[in-house]
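Student: What follows is my_file.csv; its format and atoms are CSV, C-alpha atoms.
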chain,number,residue,atom,x,y,z
B,1,MET,CA,0.0,0.0,0.0
B,2,ALA,CA,2.8,2.4,0.9
B,3,ASP,CA,4.6,1.7,-2.3
B,4,ARG,CA,1.5,2.4,-4.3
B,5,VAL,CA,0.9,5.7,-2.6
B,6,ARG,CA,4.5,6.8,-3.1
B,7,GLY,CA,4.2,5.7,-6.8
B,8,GLY,CA,1.3,8.1,-7.2
B,9,ASP,CA,-1.6,5.6,-7.0
B,10,LEU,CA,-3.7,7.4,-4.3
B,11,GLY,CA,-6.9,5.6,-5.1
B,12,VAL,CA,-10.0,6.8,-3.3
B,13,TRP,CA,-8.2,7.7,0.0
B,14,PRO,CA,-7.9,11.5,-0.6
B,15,VAL,CA,-11.7,11.6,-1.3
B,16,VAL,CA,-12.6,9.5,1.7
B,17,ALA,CA,-10.3,11.6,4.0
B,18,GLY,CA,-11.9,14.8,2.6
B,19,LEU,CA,-15.4,13.5,3.2
B,20,VAL,CA,-14.5,12.6,6.8
B,21,VAL,CA,-13.2,16.1,7.3
B,22,ILE,CA,-16.3,17.7,5.8
B,23,TRP,CA,-18.7,15.6,7.8
B,24,THR,CA,-16.8,16.2,11.0
B,25,VAL,CA,-16.7,20.0,10.5
B,26,MET,CA,-20.4,20.2,9.5
B,27,GLN,CA,-21.4,18.1,12.5
B,28,ILE,CA,-19.5,20.3,14.9
B,29,LEU,CA,-21.1,23.4,13.4
B,30,ASN,CA,-24.6,21.9,13.3
B,31,PRO,CA,-25.5,18.7,15.1
B,32,VAL,CA,-28.4,18.1,12.7
B,33,PHE,CA,-26.1,17.4,9.8
B,34,LEU,CA,-25.5,13.7,10.6
B,35,SER,CA,-29.1,13.1,11.7
B,36,SER,CA,-30.8,10.2,9.9
B,37,ALA,CA,-33.4,12.6,8.4
B,38,ASN,CA,-30.7,14.8,6.9
B,39,LEU,CA,-28.7,11.9,5.6
B,40,VAL,CA,-31.7,10.4,3.9
B,41,ASN,CA,-32.4,13.8,2.2
B,42,LEU,CA,-28.7,14.0,1.2
B,43,ALA,CA,-28.7,10.6,-0.4
B,44,MET,CA,-31.8,11.3,-2.4
B,45,GLU,CA,-30.5,14.7,-3.6
B,46,CYS,CA,-27.3,13.1,-4.8
B,47,VAL,CA,-28.9,10.9,-7.4
B,48,PRO,CA,-29.9,13.2,-10.3
B,49,VAL,CA,-26.5,15.0,-10.6
B,50,GLY,CA,-24.7,11.8,-9.6
B,51,VAL,CA,-26.2,9.9,-12.6
B,52,ILE,CA,-25.1,12.7,-14.9
B,53,ALA,CA,-21.6,12.6,-13.3
B,54,LEU,CA,-21.4,8.9,-14.0
B,55,GLY,CA,-21.7,9.7,-17.7
B,56,VAL,CA,-19.0,12.4,-17.4
B,57,VAL,CA,-16.7,9.8,-16.0
B,58,PHE,CA,-16.8,8.0,-19.3
B,59,MET,CA,-15.9,11.1,-21.2
B,60,LEU,CA,-13.0,12.0,-18.9
B,61,LEU,CA,-11.6,8.4,-19.1
B,62,VAL,CA,-11.2,8.8,-22.9
B,63,GLY,CA,-9.6,12.2,-22.4
B,64,GLN,CA,-12.5,14.3,-23.6
B,65,ILE,CA,-15.1,16.5,-22.0
B,66,ASP,CA,-18.9,17.2,-22.3
B,67,LEU,CA,-20.0,20.7,-21.4
B,68,SER,CA,-23.6,20.2,-22.4
B,69,VAL,CA,-24.7,17.5,-19.9
B,70,GLY,CA,-26.8,20.1,-18.0
B,71,SER,CA,-28.6,21.3,-21.1
B,72,VAL,CA,-29.2,17.7,-22.3
B,73,SER,CA,-30.6,16.8,-18.9
B,74,GLY,CA,-32.9,19.8,-19.0
B,75,LEU,CA,-34.0,18.9,-22.5
B,76,SER,CA,-34.9,15.3,-21.5
B,77,ALA,CA,-36.9,16.7,-18.5
B,78,ALA,CA,-38.8,18.9,-20.9
B,79,ILE,CA,-39.5,16.1,-23.4
B,80,THR,CA,-40.7,13.8,-20.5
B,81,ALA,CA,-43.1,16.5,-19.2
B,82,VAL,CA,-44.5,17.5,-22.6
B,83,LEU,CA,-45.1,13.9,-23.7
B,84,PHE,CA,-46.4,12.7,-20.3
B,85,VAL,CA,-48.5,15.7,-19.3
B,86,ASP,CA,-49.4,17.7,-22.4
B,87,HIS,CA,-49.8,14.8,-24.8
B,88,GLY,CA,-51.1,12.2,-22.3
B,89,MET,CA,-48.7,9.5,-23.3
B,90,PRO,CA,-47.8,6.7,-20.8
B,91,ALA,CA,-44.9,7.6,-18.5
B,92,VAL,CA,-42.8,4.7,-19.9
B,93,VAL,CA,-43.1,6.0,-23.5
B,94,ALA,CA,-42.1,9.5,-22.4
B,95,LEU,CA,-39.1,8.2,-20.5
B,96,VAL,CA,-37.9,6.1,-23.4
B,97,ALA,CA,-38.3,9.0,-25.8
B,98,ALA,CA,-36.3,11.3,-23.5
B,99,ALA,CA,-33.5,8.7,-23.1
B,100,ALA,CA,-33.5,8.1,-26.8
B,101,ALA,CA,-33.1,11.8,-27.5
B,102,GLY,CA,-30.1,11.8,-25.2
B,103,CYS,CA,-28.6,8.8,-27.0
B,104,LEU,CA,-29.1,10.5,-30.4
B,105,ILE,CA,-27.4,13.6,-29.2
B,106,GLY,CA,-24.4,11.6,-28.1
B,107,TRP,CA,-24.3,9.8,-31.5
B,108,PHE,CA,-24.4,13.2,-33.3
B,109,TYR,CA,-21.6,14.5,-31.2
B,110,ALA,CA,-19.5,11.5,-32.0
B,111,GLN,CA,-20.0,11.9,-35.7
B,112,VAL,CA,-18.9,15.5,-35.6
B,113,PHE,CA,-15.9,14.5,-33.5
B,114,ASN,CA,-14.8,11.4,-35.5
B,115,ARG,CA,-15.5,12.6,-39.0
B,116,LEU,CA,-14.7,16.4,-38.8
B,117,GLY,CA,-12.2,16.4,-36.0
B,118,VAL,CA,-13.9,19.2,-34.1
B,119,PRO,CA,-12.7,19.2,-30.4
B,120,SER,CA,-15.2,17.8,-27.9
B,121,PHE,CA,-15.0,21.1,-26.0
B,122,VAL,CA,-16.3,23.1,-28.9
B,123,ILE,CA,-18.9,20.5,-29.9
B,124,THR,CA,-20.5,20.3,-26.5
B,125,LEU,CA,-20.2,24.0,-25.9
B,126,ALA,CA,-22.3,24.5,-29.0
B,127,GLY,CA,-24.6,21.8,-27.7
B,128,LEU,CA,-25.0,23.5,-24.3
B,129,LEU,CA,-26.4,26.6,-26.1
B,130,GLY,CA,-28.3,24.8,-28.8
B,131,PHE,CA,-30.1,22.3,-26.6
B,132,LEU,CA,-30.9,24.9,-24.0
B,133,GLY,CA,-32.7,26.8,-26.7
B,134,LEU,CA,-34.5,23.7,-27.8
B,135,GLN,CA,-35.6,23.0,-24.2
B,136,LEU,CA,-37.1,26.5,-24.0
B,137,TRP,CA,-38.9,26.0,-27.3
B,138,ILE,CA,-40.4,22.7,-26.3
B,139,LEU,CA,-41.7,24.1,-23.0
B,140,GLY,CA,-43.3,27.0,-24.9
B,141,PRO,CA,-44.7,30.2,-23.4
B,142,LYS,CA,-45.8,28.7,-20.1
B,143,GLY,CA,-42.2,27.7,-19.3
B,144,SER,CA,-43.1,25.2,-16.6
B,145,ILE,CA,-45.0,21.9,-16.6
B,146,ASN,CA,-45.9,20.1,-13.3
B,147,LEU,CA,-45.8,16.3,-13.2
B,148,PRO,CA,-48.8,14.6,-11.4
B,149,PHE,CA,-47.9,14.0,-7.8
B,150,ASP,CA,-49.8,10.6,-7.9
B,151,SER,CA,-47.8,9.3,-10.9
B,152,TRP,CA,-45.4,6.5,-10.2
B,153,LEU,CA,-42.5,8.5,-11.6
B,154,VAL,CA,-42.9,11.2,-8.9
B,155,THR,CA,-43.7,8.6,-6.2
B,156,PHE,CA,-40.5,6.7,-7.1
B,157,ALA,CA,-38.3,9.9,-6.8
B,158,GLN,CA,-39.9,11.2,-3.6
B,159,LEU,CA,-41.8,8.6,-1.6
B,160,ASP,CA,-40.6,5.1,-2.4
B,161,PHE,CA,-38.2,3.6,0.1
B,162,VAL,CA,-36.8,0.1,0.5
B,163,PRO,CA,-38.3,-2.0,3.3
B,164,PRO,CA,-35.7,-2.6,6.0
B,165,TRP,CA,-35.7,-6.4,5.6
B,166,LEU,CA,-35.1,-6.0,1.9
B,167,ALA,CA,-32.4,-3.4,2.5
B,168,TYR,CA,-30.5,-5.8,4.8
B,169,ALA,CA,-30.9,-8.6,2.3
B,170,LEU,CA,-29.4,-6.4,-0.5
B,171,VAL,CA,-26.5,-5.6,1.9
B,172,ALA,CA,-25.9,-9.3,2.5
B,173,ALA,CA,-26.0,-10.0,-1.2
B,174,GLY,CA,-23.6,-7.2,-1.9
B,175,ALA,CA,-21.1,-8.4,0.7
B,176,GLY,CA,-21.4,-12.0,-0.7
B,177,ALA,CA,-20.9,-10.8,-4.3
B,178,LEU,CA,-17.8,-8.9,-3.2
B,179,TYR,CA,-16.4,-12.1,-1.6
B,180,TRP,CA,-17.3,-14.3,-4.5
B,181,THR,CA,-15.9,-12.1,-7.3
B,182,GLY,CA,-12.7,-11.6,-5.2
B,183,HIS,CA,-12.4,-15.3,-4.6
B,184,ALA,CA,-12.9,-16.1,-8.3
B,185,ARG,CA,-10.3,-13.5,-9.4
B,186,ALA,CA,-7.8,-14.7,-6.8
B,187,ALA,CA,-8.2,-18.3,-7.9
B,188,ALA,CA,-7.7,-17.3,-11.5
B,189,ARG,CA,-4.5,-15.4,-10.6
B,190,ARG,CA,-3.1,-18.4,-8.6
B,191,ARG,CA,-3.7,-20.7,-11.6
B,192,ALA,CA,-1.7,-18.3,-13.7
B,193,GLY,CA,1.1,-18.3,-11.2
B,194,LEU,CA,0.5,-14.7,-10.2
B,195,PRO,CA,0.3,-13.2,-6.6
B,196,ALA,CA,-3.3,-13.1,-5.4
B,197,THR,CA,-5.3,-11.7,-2.5
B,198,THR,CA,-5.4,-14.1,0.5
B,199,GLU,CA,-8.6,-15.7,1.7
B,200,GLN,CA,-8.3,-14.0,5.0
B,201,THR,CA,-8.2,-10.6,3.3
B,202,LEU,CA,-11.2,-11.4,1.2
B,203,VAL,CA,-13.3,-12.5,4.2
B,204,LEU,CA,-12.2,-9.4,6.2
B,205,ARG,CA,-13.0,-7.1,3.3
B,206,SER,CA,-16.5,-8.6,2.9
B,207,ALA,CA,-17.2,-8.5,6.6
B,208,VAL,CA,-16.2,-4.8,6.9
B,209,LEU,CA,-18.5,-4.0,3.9
B,210,LEU,CA,-21.3,-6.0,5.5
B,211,ALA,CA,-21.0,-4.4,8.9
B,212,GLY,CA,-20.6,-0.8,7.4
B,213,LEU,CA,-23.6,-1.1,5.1
B,214,ALA,CA,-25.8,-2.8,7.7
B,215,VAL,CA,-25.1,0.1,10.2
B,216,ALA,CA,-25.9,2.6,7.4
B,217,VAL,CA,-29.2,0.9,6.7
B,218,TRP,CA,-30.1,0.7,10.4
B,219,TYR,CA,-29.3,4.4,10.9
B,220,LEU,CA,-31.2,5.6,7.8
B,221,SER,CA,-34.1,3.4,8.8
B,222,ARG,CA,-34.5,5.4,11.9
B,223,ASP,CA,-36.1,8.0,9.6
B,224,ARG,CA,-37.5,6.9,6.2
B,225,GLY,CA,-34.8,4.5,5.1
B,226,VAL,CA,-33.0,4.0,1.8
B,227,GLY,CA,-34.8,5.4,-1.2
B,228,TRP,CA,-35.3,3.2,-4.3
B,229,MET,CA,-33.9,6.1,-6.4
B,230,PHE,CA,-30.6,5.9,-4.5
B,231,VAL,CA,-30.6,2.1,-5.0
B,232,LEU,CA,-31.0,2.7,-8.7
B,233,PHE,CA,-28.0,5.0,-8.6
B,234,LEU,CA,-25.9,2.5,-6.8
B,235,GLY,CA,-27.0,-0.2,-9.3
B,236,LEU,CA,-25.8,2.0,-12.2
B,237,VAL,CA,-22.5,2.7,-10.4
B,238,LEU,CA,-21.9,-1.1,-9.8
B,239,ALA,CA,-22.9,-2.0,-13.4
B,240,THR,CA,-20.6,0.7,-14.8
B,241,HIS,CA,-17.8,-0.4,-12.5
B,242,TYR,CA,-18.2,-4.0,-13.8
B,243,VAL,CA,-18.1,-2.9,-17.4
B,244,LEU,CA,-15.1,-0.8,-17.0
B,245,SER,CA,-13.0,-3.2,-14.8
B,246,ARG,CA,-14.1,-6.6,-16.0
B,247,THR,CA,-14.8,-6.4,-19.8
B,248,LYS,CA,-12.7,-6.0,-22.9
B,249,TYR,CA,-14.6,-2.8,-23.7
B,250,GLY,CA,-13.6,-1.3,-20.4
B,251,LYS,CA,-10.0,-2.0,-21.0
B,252,SER,CA,-10.3,-0.4,-24.4
B,253,VAL,CA,-11.7,2.8,-22.7
B,254,TYR,CA,-8.7,3.0,-20.4
B,255,ALA,CA,-6.4,2.3,-23.3
B,256,VAL,CA,-7.8,5.1,-25.5
B,257,GLY,CA,-7.7,7.5,-22.6
B,258,GLY,CA,-4.1,6.5,-21.7
B,259,ASN,CA,-2.6,6.7,-25.2
B,260,VAL,CA,-4.7,7.0,-28.3
B,261,GLU,CA,-2.0,6.1,-30.8
B,262,ALA,CA,-0.9,3.0,-28.7
B,263,ALA,CA,-4.5,1.9,-28.5
B,264,ARG,CA,-4.9,2.3,-32.3
B,265,ARG,CA,-1.8,0.3,-32.9
B,266,ALA,CA,-3.0,-2.4,-30.6
B,267,GLY,CA,-6.1,-2.9,-32.8
B,268,ILE,CA,-8.7,-1.1,-30.8
B,269,ASN,CA,-11.4,0.7,-32.8
B,270,VAL,CA,-10.7,4.1,-31.3
B,271,LYS,CA,-13.6,5.8,-33.1
B,272,ALA,CA,-16.1,3.2,-31.8
B,273,VAL,CA,-14.8,3.8,-28.2
B,274,TYR,CA,-15.2,7.5,-28.6
B,275,THR,CA,-18.7,7.1,-30.0
B,276,SER,CA,-19.7,4.9,-27.1
B,277,ALA,CA,-18.4,7.4,-24.5
B,278,PHE,CA,-20.4,10.2,-26.1
B,279,VAL,CA,-23.5,8.1,-26.2
B,280,VAL,CA,-23.2,6.8,-22.7
B,281,CYS,CA,-22.5,10.3,-21.3
B,282,THR,CA,-25.5,12.0,-23.0
B,283,THR,CA,-27.9,9.1,-22.3
B,284,LEU,CA,-27.0,9.2,-18.6
B,285,ALA,CA,-27.4,13.0,-18.7
B,286,ALA,CA,-30.9,12.4,-20.0
B,287,VAL,CA,-31.7,9.9,-17.3
B,288,GLY,CA,-30.4,12.3,-14.7
B,289,GLY,CA,-32.6,15.0,-16.1
B,290,ILE,CA,-35.7,12.7,-15.9
B,291,LEU,CA,-34.9,11.9,-12.2
B,292,ALA,CA,-34.4,15.6,-11.4
B,293,ALA,CA,-37.8,16.4,-12.9
B,294,ALA,CA,-39.4,13.6,-11.0
B,295,ARG,CA,-37.7,14.7,-7.8
B,296,LEU,CA,-39.0,18.3,-8.3
B,297,ALA,CA,-42.3,17.0,-9.8
B,298,ALA,CA,-41.9,19.6,-12.5
B,299,SER,CA,-39.9,20.6,-15.6
B,300,ASN,CA,-39.2,24.2,-16.2
B,301,GLN,CA,-36.9,26.6,-18.0
B,302,SER,CA,-34.3,26.3,-15.2
B,303,SER,CA,-34.1,22.5,-15.4
B,304,GLY,CA,-30.6,21.4,-16.0
B,305,GLY,CA,-29.4,25.0,-15.5
B,306,GLY,CA,-27.7,26.7,-12.7
B,307,ASP,CA,-24.8,24.7,-11.3
B,308,VAL,CA,-26.0,21.3,-12.6
B,309,ASN,CA,-23.4,21.3,-15.4
B,310,LEU,CA,-20.5,22.3,-13.3
B,311,ASN,CA,-21.4,20.1,-10.4
B,312,ALA,CA,-21.6,17.0,-12.6
B,313,ILE,CA,-18.2,17.6,-14.0
B,314,ALA,CA,-16.7,18.6,-10.6
B,315,ALA,CA,-18.2,15.5,-9.0
B,316,ALA,CA,-16.4,13.2,-11.5
B,317,VAL,CA,-13.1,15.1,-11.0
B,318,ILE,CA,-13.3,15.4,-7.2
B,319,GLY,CA,-14.2,11.7,-7.0
B,320,GLY,CA,-10.8,10.8,-8.5
B,321,THR,CA,-11.3,10.7,-12.3
B,322,SER,CA,-8.3,12.2,-14.0
B,323,LEU,CA,-8.7,15.2,-16.4
B,324,PHE,CA,-5.8,13.8,-18.4
B,325,GLY,CA,-7.7,10.6,-19.3
B,326,GLY,CA,-7.1,6.9,-18.6
B,327,ARG,CA,-7.5,6.9,-14.8
B,328,GLY,CA,-10.6,6.8,-12.6
B,329,ASN,CA,-13.6,4.5,-12.0
B,330,ALA,CA,-17.3,4.6,-11.6
B,331,PHE,CA,-17.1,5.1,-7.9
B,332,ALA,CA,-15.7,8.6,-8.6
B,333,ALA,CA,-19.2,9.8,-9.5
B,334,LEU,CA,-20.6,8.4,-6.2
B,335,LEU,CA,-17.9,9.8,-4.0
B,336,GLY,CA,-17.7,13.1,-5.8
B,337,ILE,CA,-21.4,13.9,-5.7
B,338,VAL,CA,-21.5,12.9,-2.0
B,339,VAL,CA,-18.8,15.5,-1.3
B,340,ILE,CA,-20.5,18.2,-3.2
B,341,GLN,CA,-23.9,17.5,-1.8
B,342,SER,CA,-22.5,17.3,1.7
B,343,ILE,CA,-21.0,20.8,1.3
B,344,SER,CA,-24.3,22.1,0.0
B,345,SER,CA,-26.4,20.4,2.7
B,346,GLY,CA,-24.1,21.6,5.5
B,347,LEU,CA,-24.0,25.2,4.4
B,348,THR,CA,-27.8,25.2,3.9
B,349,LEU,CA,-28.2,24.0,7.5
B,350,LEU,CA,-25.9,26.9,8.6
B,351,ASN,CA,-28.2,29.3,6.7
B,352,LEU,CA,-25.4,30.4,4.5
B,353,ASP,CA,-26.2,31.5,0.9
B,354,SER,CA,-25.0,29.8,-2.2
B,355,SER,CA,-21.9,32.1,-2.6
B,356,TYR,CA,-20.2,30.1,0.1
B,357,ARG,CA,-21.1,26.8,-1.5
B,358,PHE,CA,-19.6,27.9,-4.8
B,359,MET,CA,-16.4,29.1,-3.2
B,360,VAL,CA,-15.9,25.9,-1.0
B,361,THR,CA,-16.8,23.6,-3.9
B,362,GLY,CA,-14.3,25.5,-6.2
B,363,ALA,CA,-11.6,25.1,-3.6
B,364,VAL,CA,-12.2,21.4,-3.2
B,365,LEU,CA,-12.2,21.0,-7.0
B,366,LEU,CA,-8.9,22.8,-7.3
B,367,LEU,CA,-7.4,20.6,-4.6
B,368,ALA,CA,-8.6,17.5,-6.4
B,369,VAL,CA,-7.0,18.5,-9.7
B,370,ALA,CA,-3.8,19.5,-7.9
B,371,LEU,CA,-3.6,16.1,-6.2
B,372,ASP,CA,-4.2,14.5,-9.6
B,373,SER,CA,-1.4,16.5,-11.2
B,374,VAL,CA,1.0,15.6,-8.4
B,375,ALA,CA,0.0,12.0,-8.5
B,376,ARG,CA,0.5,11.9,-12.3
B,377,ARG,CA,3.9,13.4,-12.0
B,378,SER,CA,4.8,10.9,-9.3
B,379,ARG,CA,3.6,8.0,-11.5
B,380,ARG,CA,5.8,9.2,-14.3
B,381,THR,CA,8.8,9.4,-12.0
B,382,HIS,CA,8.2,5.9,-10.8
B,383,GLY,CA,7.6,4.6,-14.4
B,384,ARG,CA,3.8,4.0,-13.8
B,385,ALA,CA,2.4,6.7,-16.0
Give the structure from the file, written as structure tokens.
Tutor:
Amino acid sequence: MADRVRGGDLGVWPVVAGLVVIWTVMQILNPVFLSSANLVNLAMECVPVGVIALGVVFMLLVGQIDLSVGSVSGLSAAITAVLFVDHGMPAVVALVAAAAAGCLIGWFYAQVFNRLGVPSFVITLAGLLGFLGLQLWILGPKGSINLPFDSWLVTFAQLDFVPPWLAYALVAAGAGALYWTGHARAAARRRAGLPATTEQTLVLRSAVLLAGLAVAVWYLSRDRGVGWMFVLFLGLVLATHYVLSRTKYGKSVYAVGGNVEAARRAGINVKAVYTSAFVVCTTLAAVGGILAAARLAASNQSSGGGDVNLNAIAAAVIGGTSLFGGRGNAFAALLGIVVIQSISSGLTLLNLDSSYRFMVTGAVLLLAVALDSVARRSRRTHGRA
């Protein structure tokens, strides 16, 4: 572990340490911060922007950026509201149409990027402006559409919580899956004659996860419990982590982000990887926009605006995804958005206005990028770049 840290492989430890500091300071300043009621709200508020940040992780891993995720999320919210409320279509049809629009936008971005060579910064900056205008046009003169409070979409985002017995069952399943996947990987490495994680470490790791998550479920259940929307977010994070760490496609993503020319010479279809990253990013932005509209029970002209765009990108970076490409994982979106939302929640409880939140978040973002730069230089020095 010490050798890895000296070599610039910091992992998630800086983020975890920062989160501990933030929670400690906020709890000292306001004892309500770590109450079960506030943590339930914090978890639910993390989801919409967290899902968008998960898509941003894909773009950063291939060394690109998407500045339009906020506008795409607002556009998808507008499409959902117009089709569901104004045109009376089933909610499922509206959701599929909104997600499909996000997917199509990503495909369009990729064609401009791959065929014309326009930088992703410029493409998505144009998309930020263009799709914001399209969102305003779709909403029309009234500018705001309320979603029915009794619809399953709004209920899912606001009122649906996992029963405690099922939450504990999911925790046990997660700990078991961690042990089983670690055991299978260790066995495969031993058969190949490579060093592998010991059985004692695997059991201890799973036991710690089981105990930690069980305590979290117990504490949150003192209020309303774990929201199904947050479970959906965790499911997306775990699925993305599996794809990036256990599949050939995931290895291709890291290879392209690490060195495009080397990836091309290795036979990787670089253009296809770029296309997939754009599509995944904008599709998840659309899903995040739908969840935000459901959480608010409305879509309006400010949906996807404000600090949504910057918070999504900042969450991915603060969580540990490198701006230089090729380094990071799906958990960056989860950790990063928890940090940002913790700052926002804590300062709100202290009755401080948004100016402080912007300044604190900016400082944390600068620190995260500085750590990434130092770690990158250390990896290069130790031959691990």
Student: Which residue is closest to B:Ile343? Choose from B:Val20, B:Leu128, B:Leu95, B:Leu232 and count all atoms listed in the file.
Tutor: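 Result for the nearest residue to B:Ile343: B:Val20.
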Student: So that I can check the surroundings of B:Trp107, please list as an NGL selection string every protein, DNA and RNA residue that reaches within 9 Å of it, counting only C-alpha atoms and ignoring chain neighbours fewer than 3 positions away.
Tutor: :B and (102-104 or 110-112 or 275-276 or 278-279 or 282)
Student: Tell me, in Å to one decimal, how far atom CA of B:Ser322 is from atom CA of B:Arg357.
Tutor: 23.1 Å
Student: Quick one: of B:Val51, B:Ala315, B:Leu323, B:Ala277, who's nearest to B:Val338, counting all atoms listed in the file?
Tutor: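 Looking only at the distances to B:Val338, the closest residue turns out to be B:Ala315.
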Student: Please determine, counting only C-alpha atoms, which residue among B:Ala91, B:Cys46, B:Ile28, B:Val369 has the shortest atom-to-atom distance to B:Phe324.
Tutor: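 Result for the nearest residue to B:Phe324: B:Val369.
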Student: Give me the stretch 8-84 of chain B side of the contact with stretch 348-351 of chain B, cut-off 9 Å, one line per residue showing its nearest atom pair and distance in Å at one decimal, counting all atoms listed in the file, sorted by chain and residue number, as a Markdown table.
Tutor:
| residue | atom | partner | partner_atom | distance |
| --- | --- | --- | --- | --- |
| B:Met26 | CA | B:Leu350 | CA | 8.7 |
| B:Leu29 | CA | B:Leu350 | CA | 7.6 |
| B:Asn30 | CA | B:Leu350 | CA | 7.0 |
| B:Val32 | CA | B:Leu349 | CA | 7.9 |
| B:Phe33 | CA | B:Leu349 | CA | 7.3 |
Student: Which residues are near B:Ser76? Cut-off 8 Å, all atoms listed in the file, ignore same chain within fewer than 4 positions. Put them as a list in words.
Tutor: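 That gives Val72, Thr80, Ala98, Ala99, Ala101, Gly102, Ala286, Val287, Gly289 and Ile290 of chain B.
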Student: Output C-alpha atoms for every residue in that selection, as a JSON list (two decimals), in the frame of the given file.
Tutor:
[["chain", "number", "residue", "atom", "x", "y", "z"],
["B", 72, "VAL", "CA", -29.20, 17.70, -22.30],
["B", 80, "THR", "CA", -40.70, 13.80, -20.50],
["B", 98, "ALA", "CA", -36.30, 11.30, -23.50],
["B", 99, "ALA", "CA", -33.50, 8.70, -23.10],
["B", 101, "ALA", "CA", -33.10, 11.80, -27.50],
["B", 102, "GLY", "CA", -30.10, 11.80, -25.20],
["B", 286, "ALA", "CA", -30.90, 12.40, -20.00],
["B", 287, "VAL", "CA", -31.70, 9.90, -17.30],
["B", 289, "GLY", "CA", -32.60, 15.00, -16.10],
["B", 290, "ILE", "CA", -35.70, 12.70, -15.90]]
